[in-house]
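Trainee: Structure below; questions to follow.
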Amino acid sequence: MSINNIVESVINRVSVFKNRSVLDRSYIPDNLPHRENQLAMLAELFKPIITSPGTVSITALLIGDVGVGKTVTSYVFGRELTKIAERKGIKLKYVHVNCHSARTLYGVVQSIAASFSLTIPFRGLSPREMMLIILNHMKKNDMYALIALDEFGYFVRVAGNDAIYFLVRLYDEYPEAEKRLHYIFITRNLDVLGILDPATESYITKHIIKFEPYKASELFDILKQRRDLAFYENTVDDGILKFIADVEGYDRGGKGNARAAIEILLRAGIAADYEGSQKVFLEHVRKAIGEINEELLVEISDNLQFLQLHELIVLKAIVRRLKKSSEAYVKMGDVEEEYRYLCQLYNIKPRKHTQVYEYVRTLKNMGIINSRTSSKGLRGRTTLISLPIPLEPFEKRIDELIDKRVLEEAST
Ligand SMILES: Nc1ncnc2c1ncn2[C@@H]1O[C@H](COP(=O)(O)OP(=O)(O)O)[C@@H](O)[C@H]1O
Ligand SMILES: [Mg+2]
């Protein structure tokens, strides 16, 4: 194929995506499944901005691990509140400052100024002087601001107590002033706030809204929303979403991180496109998981070397059954059957059921496989096993180790 043809054939290839940008980090969805409570709490808290503007300055602190929806919830709330304010003739601005990029008090105040499109030459002014100019501008135009300080913990660490004090307790100095500034602080945990003086700390922590890691069923709903918008119909089956949700779900031993789940879905789609596949398959997902979680891959490969011969054979049995299956999980009974078949092949006496079961538990505890108990079916409960990494290269590595162990055993 000529270079021209190669490029053209890739570009013309149909894609599983109809709108990939829906999976971008910057995309803000219309709805936030499973964050209704947090949104309602924010609304309750900031209600006075609408009902009695200027009377109180309100703060909220959003807390939770990475990828649990703190940033997006703040954005969505800001968007909705601004709309409502507009309808009531209140000039409210939502200002989202990422403290990772603003870093200093100067940077933060500058971001606030920029969002008001203030064009005064700020050079040479202190943050305090800048802030007074901003407040004057707001007063003159009868404006209000809801300022979200995202990655606030970082700001606290870098800018220190005085900067925070200045920013959030401005009104202590001017108790008569109309309250035009409101804050949403966003951070992963409370640890860093300990370096603040107690009064400032208690001011910031007055209203805490917690974001728990997502459960698998919740991630499934979030993924479903994105799937429907990002992919053509019938290119990503529910089973694919369920697999991703199970890997990341907090109740399944994952981190409950929606960002990671969405990223896996995106990369799985890219992997499918790359192969010219009309659908996203489980192996694409396993590949995607390996990409975003190199640590996991390394950890699993590291752990393999500690396995004994029979544990390796059980693992190979799992891989072989998964390869034959279109499901994310294989049943314990099928794995055992495959295990006995492999033992026959290697001319090794198979171990008993209870022992094989023990091997599976070891593999799970070492973080090599995922397993769970099926919901009660016709024949009662059974153990279901899955693997979060690409099967093809994995089986090769297992084969190498099995060969090595067999040789070792033969020479003893
Ligand atoms: N409830 C939800 N519904 C839809 N998308 C969500 C939800 N929670 C998180 N997301 C998405 O997951 C990703 C991570 O969320 P984000 O708000 O950045 O998490 P955090 O700020 O807590 O680290 C973003 O792409 C966000 O749009
Ligand atoms: Mg965030």
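Here, A, B, ... name the chains of the structure tokens in the order displayed, residue numbers run from 1 inside each chain, and ligands are numbered from 1 in the same displayed order.
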As a quick test: using only C-alpha atoms and all ligand atoms, which residues lie no more than 7 Å away from ligand 2? Give them as an NGL selection string.
Mentor: :A and (66-67 or 69-71 or 150-151)
Trainee: Export, as an mmCIF file, in the first residue's frame, the selected residues with C-alpha atoms.
Mentor:
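The resulting file, out.cif, is reproduced below:
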data_model
loop_
_atom_site.group_PDB
_atom_site.id
_atom_site.type_symbol
_atom_site.label_atom_id
_atom_site.label_comp_id
_atom_site.auth_asym_id
_atom_site.auth_seq_id
_atom_site.Cartn_x
_atom_site.Cartn_y
_atom_site.Cartn_z
ATOM 1 C CA VAL A 66 -9.811 11.763 42.926
ATOM 2 C CA GLY A 67 -12.452 11.212 40.268
ATOM 3 C CA GLY A 69 -17.125 14.194 40.754
ATOM 4 C CA LYS A 70 -16.190 17.149 42.961
ATOM 5 C CA THR A 71 -15.084 19.415 40.129
ATOM 6 C CA ASP A 150 -10.434 23.748 43.182
ATOM 7 C CA GLU A 151 -7.459 21.738 44.493
#
Trainee: Give the helix (DSSP H, G or I) residues of segment 125-206 of chain A, as DSSP finds them on the backbone, and put them as a VMD selection string.
Mentor: chain A and resid 127 to 140 152 to 168 170 to 173 191 to 195 198 to 204
Trainee: Which of these residues is nearest to ligand 1, using only C-alpha atoms and all ligand atoms: A:Val109, A:Ala40, A:Ala261, A:Leu229?
Mentor: A:Ala261
Trainee: Could the residues of chain A that have an atom at most 10 Å from ligand 1 be listed as JSON lines, each with its closest atom pair and the distance in Å to one decimal, counting only C-alpha atoms and all ligand atoms and ordered by chain and ascending residue number?
Mentor:
{"residue": "A:Val22", "atom": "CA", "partner": "ligand 1", "partner_atom_place_in_ligand_line": "25 (O)", "distance": 8.9}
{"residue": "A:Leu23", "atom": "CA", "partner": "ligand 1", "partner_atom_place_in_ligand_line": "25 (O)", "distance": 7.1}
{"residue": "A:Asp24", "atom": "CA", "partner": "ligand 1", "partner_atom_place_in_ligand_line": "25 (O)", "distance": 6.7}
{"residue": "A:Arg25", "atom": "CA", "partner": "ligand 1", "partner_atom_place_in_ligand_line": "25 (O)", "distance": 4.7}
{"residue": "A:Ser26", "atom": "CA", "partner": "ligand 1", "partner_atom_place_in_ligand_line": "25 (O)", "distance": 6.8}
{"residue": "A:Tyr27", "atom": "CA", "partner": "ligand 1", "partner_atom_place_in_ligand_line": "27 (O)", "distance": 6.2}
{"residue": "A:Ile28", "atom": "CA", "partner": "ligand 1", "partner_atom_place_in_ligand_line": "27 (O)", "distance": 5.6}
{"residue": "A:Pro29", "atom": "CA", "partner": "ligand 1", "partner_atom_place_in_ligand_line": "4 (C)", "distance": 6.2}
{"residue": "A:Asp30", "atom": "CA", "partner": "ligand 1", "partner_atom_place_in_ligand_line": "4 (C)", "distance": 8.4}
{"residue": "A:Asn31", "atom": "CA", "partner": "ligand 1", "partner_atom_place_in_ligand_line": "3 (N)", "distance": 6.4}
{"residue": "A:Leu32", "atom": "CA", "partner": "ligand 1", "partner_atom_place_in_ligand_line": "3 (N)", "distance": 3.6}
{"residue": "A:Pro33", "atom": "CA", "partner": "ligand 1", "partner_atom_place_in_ligand_line": "1 (N)", "distance": 4.4}
{"residue": "A:His34", "atom": "CA", "partner": "ligand 1", "partner_atom_place_in_ligand_line": "1 (N)", "distance": 5.2}
{"residue": "A:Arg35", "atom": "CA", "partner": "ligand 1", "partner_atom_place_in_ligand_line": "1 (N)", "distance": 5.1}
{"residue": "A:Glu36", "atom": "CA", "partner": "ligand 1", "partner_atom_place_in_ligand_line": "1 (N)", "distance": 8.2}
{"residue": "A:Gln38", "atom": "CA", "partner": "ligand 1", "partner_atom_place_in_ligand_line": "1 (N)", "distance": 9.9}
{"residue": "A:Leu62", "atom": "CA", "partner": "ligand 1", "partner_atom_place_in_ligand_line": "22 (O)", "distance": 8.9}
{"residue": "A:Ile63", "atom": "CA", "partner": "ligand 1", "partner_atom_place_in_ligand_line": "22 (O)", "distance": 8.1}
{"residue": "A:Gly64", "atom": "CA", "partner": "ligand 1", "partner_atom_place_in_ligand_line": "22 (O)", "distance": 6.2}
{"residue": "A:Asp65", "atom": "CA", "partner": "ligand 1", "partner_atom_place_in_ligand_line": "22 (O)", "distance": 6.0}
{"residue": "A:Val66", "atom": "CA", "partner": "ligand 1", "partner_atom_place_in_ligand_line": "23 (O)", "distance": 3.8}
{"residue": "A:Gly67", "atom": "CA", "partner": "ligand 1", "partner_atom_place_in_ligand_line": "19 (O)", "distance": 3.5}
{"residue": "A:Val68", "atom": "CA", "partner": "ligand 1", "partner_atom_place_in_ligand_line": "22 (O)", "distance": 3.9}
{"residue": "A:Gly69", "atom": "CA", "partner": "ligand 1", "partner_atom_place_in_ligand_line": "17 (O)", "distance": 3.2}
{"residue": "A:Lys70", "atom": "CA", "partner": "ligand 1", "partner_atom_place_in_ligand_line": "22 (O)", "distance": 3.7}
{"residue": "A:Thr71", "atom": "CA", "partner": "ligand 1", "partner_atom_place_in_ligand_line": "17 (O)", "distance": 3.6}
{"residue": "A:Val72", "atom": "CA", "partner": "ligand 1", "partner_atom_place_in_ligand_line": "17 (O)", "distance": 3.7}
{"residue": "A:Thr73", "atom": "CA", "partner": "ligand 1", "partner_atom_place_in_ligand_line": "17 (O)", "distance": 6.1}
{"residue": "A:Ser74", "atom": "CA", "partner": "ligand 1", "partner_atom_place_in_ligand_line": "17 (O)", "distance": 7.8}
{"residue": "A:Tyr75", "atom": "CA", "partner": "ligand 1", "partner_atom_place_in_ligand_line": "17 (O)", "distance": 8.4}
{"residue": "A:Val76", "atom": "CA", "partner": "ligand 1", "partner_atom_place_in_ligand_line": "27 (O)", "distance": 9.7}
{"residue": "A:Asp150", "atom": "CA", "partner": "ligand 1", "partner_atom_place_in_ligand_line": "21 (O)", "distance": 8.0}
{"residue": "A:Glu151", "atom": "CA", "partner": "ligand 1", "partner_atom_place_in_ligand_line": "21 (O)", "distance": 8.4}
{"residue": "A:Ile186", "atom": "CA", "partner": "ligand 1", "partner_atom_place_in_ligand_line": "21 (O)", "distance": 8.0}
{"residue": "A:Thr187", "atom": "CA", "partner": "ligand 1", "partner_atom_place_in_ligand_line": "21 (O)", "distance": 8.5}
{"residue": "A:Arg188", "atom": "CA", "partner": "ligand 1", "partner_atom_place_in_ligand_line": "22 (O)", "distance": 7.8}
{"residue": "A:Phe211", "atom": "CA", "partner": "ligand 1", "partner_atom_place_in_ligand_line": "22 (O)", "distance": 7.6}
{"residue": "A:Glu212", "atom": "CA", "partner": "ligand 1", "partner_atom_place_in_ligand_line": "22 (O)", "distance": 9.4}
{"residue": "A:Pro213", "atom": "CA", "partner": "ligand 1", "partner_atom_place_in_ligand_line": "22 (O)", "distance": 8.9}
{"residue": "A:Tyr214", "atom": "CA", "partner": "ligand 1", "partner_atom_place_in_ligand_line": "8 (N)", "distance": 8.3}
{"residue": "A:Glu218", "atom": "CA", "partner": "ligand 1", "partner_atom_place_in_ligand_line": "1 (N)", "distance": 8.0}
{"residue": "A:Leu219", "atom": "CA", "partner": "ligand 1", "partner_atom_place_in_ligand_line": "2 (C)", "distance": 8.1}
{"residue": "A:Asp221", "atom": "CA", "partner": "ligand 1", "partner_atom_place_in_ligand_line": "3 (N)", "distance": 7.9}
{"residue": "A:Ile222", "atom": "CA", "partner": "ligand 1", "partner_atom_place_in_ligand_line": "4 (C)", "distance": 4.9}
{"residue": "A:Leu223", "atom": "CA", "partner": "ligand 1", "partner_atom_place_in_ligand_line": "4 (C)", "distance": 7.7}
{"residue": "A:Lys224", "atom": "CA", "partner": "ligand 1", "partner_atom_place_in_ligand_line": "4 (C)", "distance": 9.4}
{"residue": "A:Gln225", "atom": "CA", "partner": "ligand 1", "partner_atom_place_in_ligand_line": "4 (C)", "distance": 7.3}
{"residue": "A:Arg226", "atom": "CA", "partner": "ligand 1", "partner_atom_place_in_ligand_line": "4 (C)", "distance": 7.8}
{"residue": "A:Gly256", "atom": "CA", "partner": "ligand 1", "partner_atom_place_in_ligand_line": "9 (C)", "distance": 10.0}
{"residue": "A:Asn257", "atom": "CA", "partner": "ligand 1", "partner_atom_place_in_ligand_line": "14 (C)", "distance": 7.1}
{"residue": "A:Ala258", "atom": "CA", "partner": "ligand 1", "partner_atom_place_in_ligand_line": "12 (O)", "distance": 4.3}
{"residue": "A:Arg259", "atom": "CA", "partner": "ligand 1", "partner_atom_place_in_ligand_line": "13 (C)", "distance": 3.7}
{"residue": "A:Ala260", "atom": "CA", "partner": "ligand 1", "partner_atom_place_in_ligand_line": "13 (C)", "distance": 7.5}
{"residue": "A:Ala261", "atom": "CA", "partner": "ligand 1", "partner_atom_place_in_ligand_line": "12 (O)", "distance": 7.8}
{"residue": "A:Ile262", "atom": "CA", "partner": "ligand 1", "partner_atom_place_in_ligand_line": "12 (O)", "distance": 6.7}
{"residue": "A:Glu263", "atom": "CA", "partner": "ligand 1", "partner_atom_place_in_ligand_line": "25 (O)", "distance": 8.4}
Trainee: Provide the atom CA of Ile134 of chain A to atom CA of Leu181 of chain A distance in Å, to one decimal place.
Mentor: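 It comes out at 10.6 Å.
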Trainee: Among segment 45-97 of chain A, which ones does DSSP place in strand (DSSP E or B), written as an NGL selection string?
Mentor: :A and (54 or 59-63 or 91-97)
Trainee: Hey, what's within 10 Å of Glu408 of chain A if we count only C-alpha atoms and toss same-chain stuff fewer than 5 positions away? As a ChimeraX atom specification, please?
Mentor: /A:309,402-403
Trainee: Take the residues from that selection and put them in a file with N, CA and C atoms, as a tab-separated table (two decimals), in the first residue's frame.
Mentor:
chain	number	residue	atom	x	y	z
A	309	LEU	N	3.83	-23.99	40.51
A	309	LEU	CA	3.38	-24.60	39.27
A	309	LEU	C	1.86	-24.71	39.16
A	402	ILE	N	5.59	-21.54	33.46
A	402	ILE	CA	5.22	-22.95	33.63
A	402	ILE	C	6.37	-23.84	33.14
A	403	ASP	N	6.91	-23.52	31.97
A	403	ASP	CA	8.03	-24.30	31.43
A	403	ASP	C	9.17	-24.35	32.44
Trainee: Fewer than 5 positions away in the same chain doesn't count, so skip those; otherwise give me all residues within 9 Å of Ile112 of chain A, counting only C-alpha atoms, as a compact mmCIF listing (two decimals) with N, CA and C atoms, in the first residue's frame.
Mentor:
# COMPACT_ATOMS: atom_id res chain seq x y z
N VAL A 95 -17.08 31.56 39.21
CA VAL A 95 -15.66 31.62 38.84
C VAL A 95 -14.98 30.34 39.32
N HIS A 96 -14.46 29.55 38.39
CA HIS A 96 -13.79 28.32 38.78
C HIS A 96 -12.28 28.50 38.67
N VAL A 97 -11.61 28.47 39.81
CA VAL A 97 -10.16 28.66 39.82
C VAL A 97 -9.48 27.34 40.15
N GLY A 107 -2.02 34.83 41.78
CA GLY A 107 -2.62 34.08 40.68
C GLY A 107 -4.12 33.91 40.84
N SER A 117 -13.52 40.18 33.40
CA SER A 117 -12.98 40.92 32.26
C SER A 117 -12.50 42.32 32.66
N MET A 131 -7.87 43.12 44.85
CA MET A 131 -9.14 42.62 45.36
C MET A 131 -10.11 43.77 45.63
N ILE A 134 -11.55 44.86 42.42
CA ILE A 134 -12.59 43.90 41.98
C ILE A 134 -13.88 44.15 42.75
N ILE A 147 -17.16 31.75 43.95
CA ILE A 147 -15.80 31.41 43.54
C ILE A 147 -15.46 29.99 44.01
Trainee: Which residues, written as a PyMOL selection string, have at least one atom at most 12 Å from Pro127 of chain A, with only C-alpha atoms counted and residues fewer than 3 positions away on the same chain left out?
Mentor: chain A and resi 104-113+122-124+130-134+162-164+166-167
Trainee: As JSON, numbers by chain, please: the residues near Arg267 of chain A (cut-off 10 Å, only C-alpha atoms, same-chain neighbours under 5 positions excluded).
Mentor: {"A": [23, 262, 272, 273, 284, 285, 286, 287, 288, 289, 291, 292]}
Trainee: Could you list, as a ChimeraX atom specification, every residue within 12 Å of Pro388 of chain A, counting only C-alpha atoms and ignoring same-chain residues fewer than 3 positions away?
Mentor: /A:243-248,254,264,282-294,296-297,300,319,322,328-329,364,367-371,385,391,394
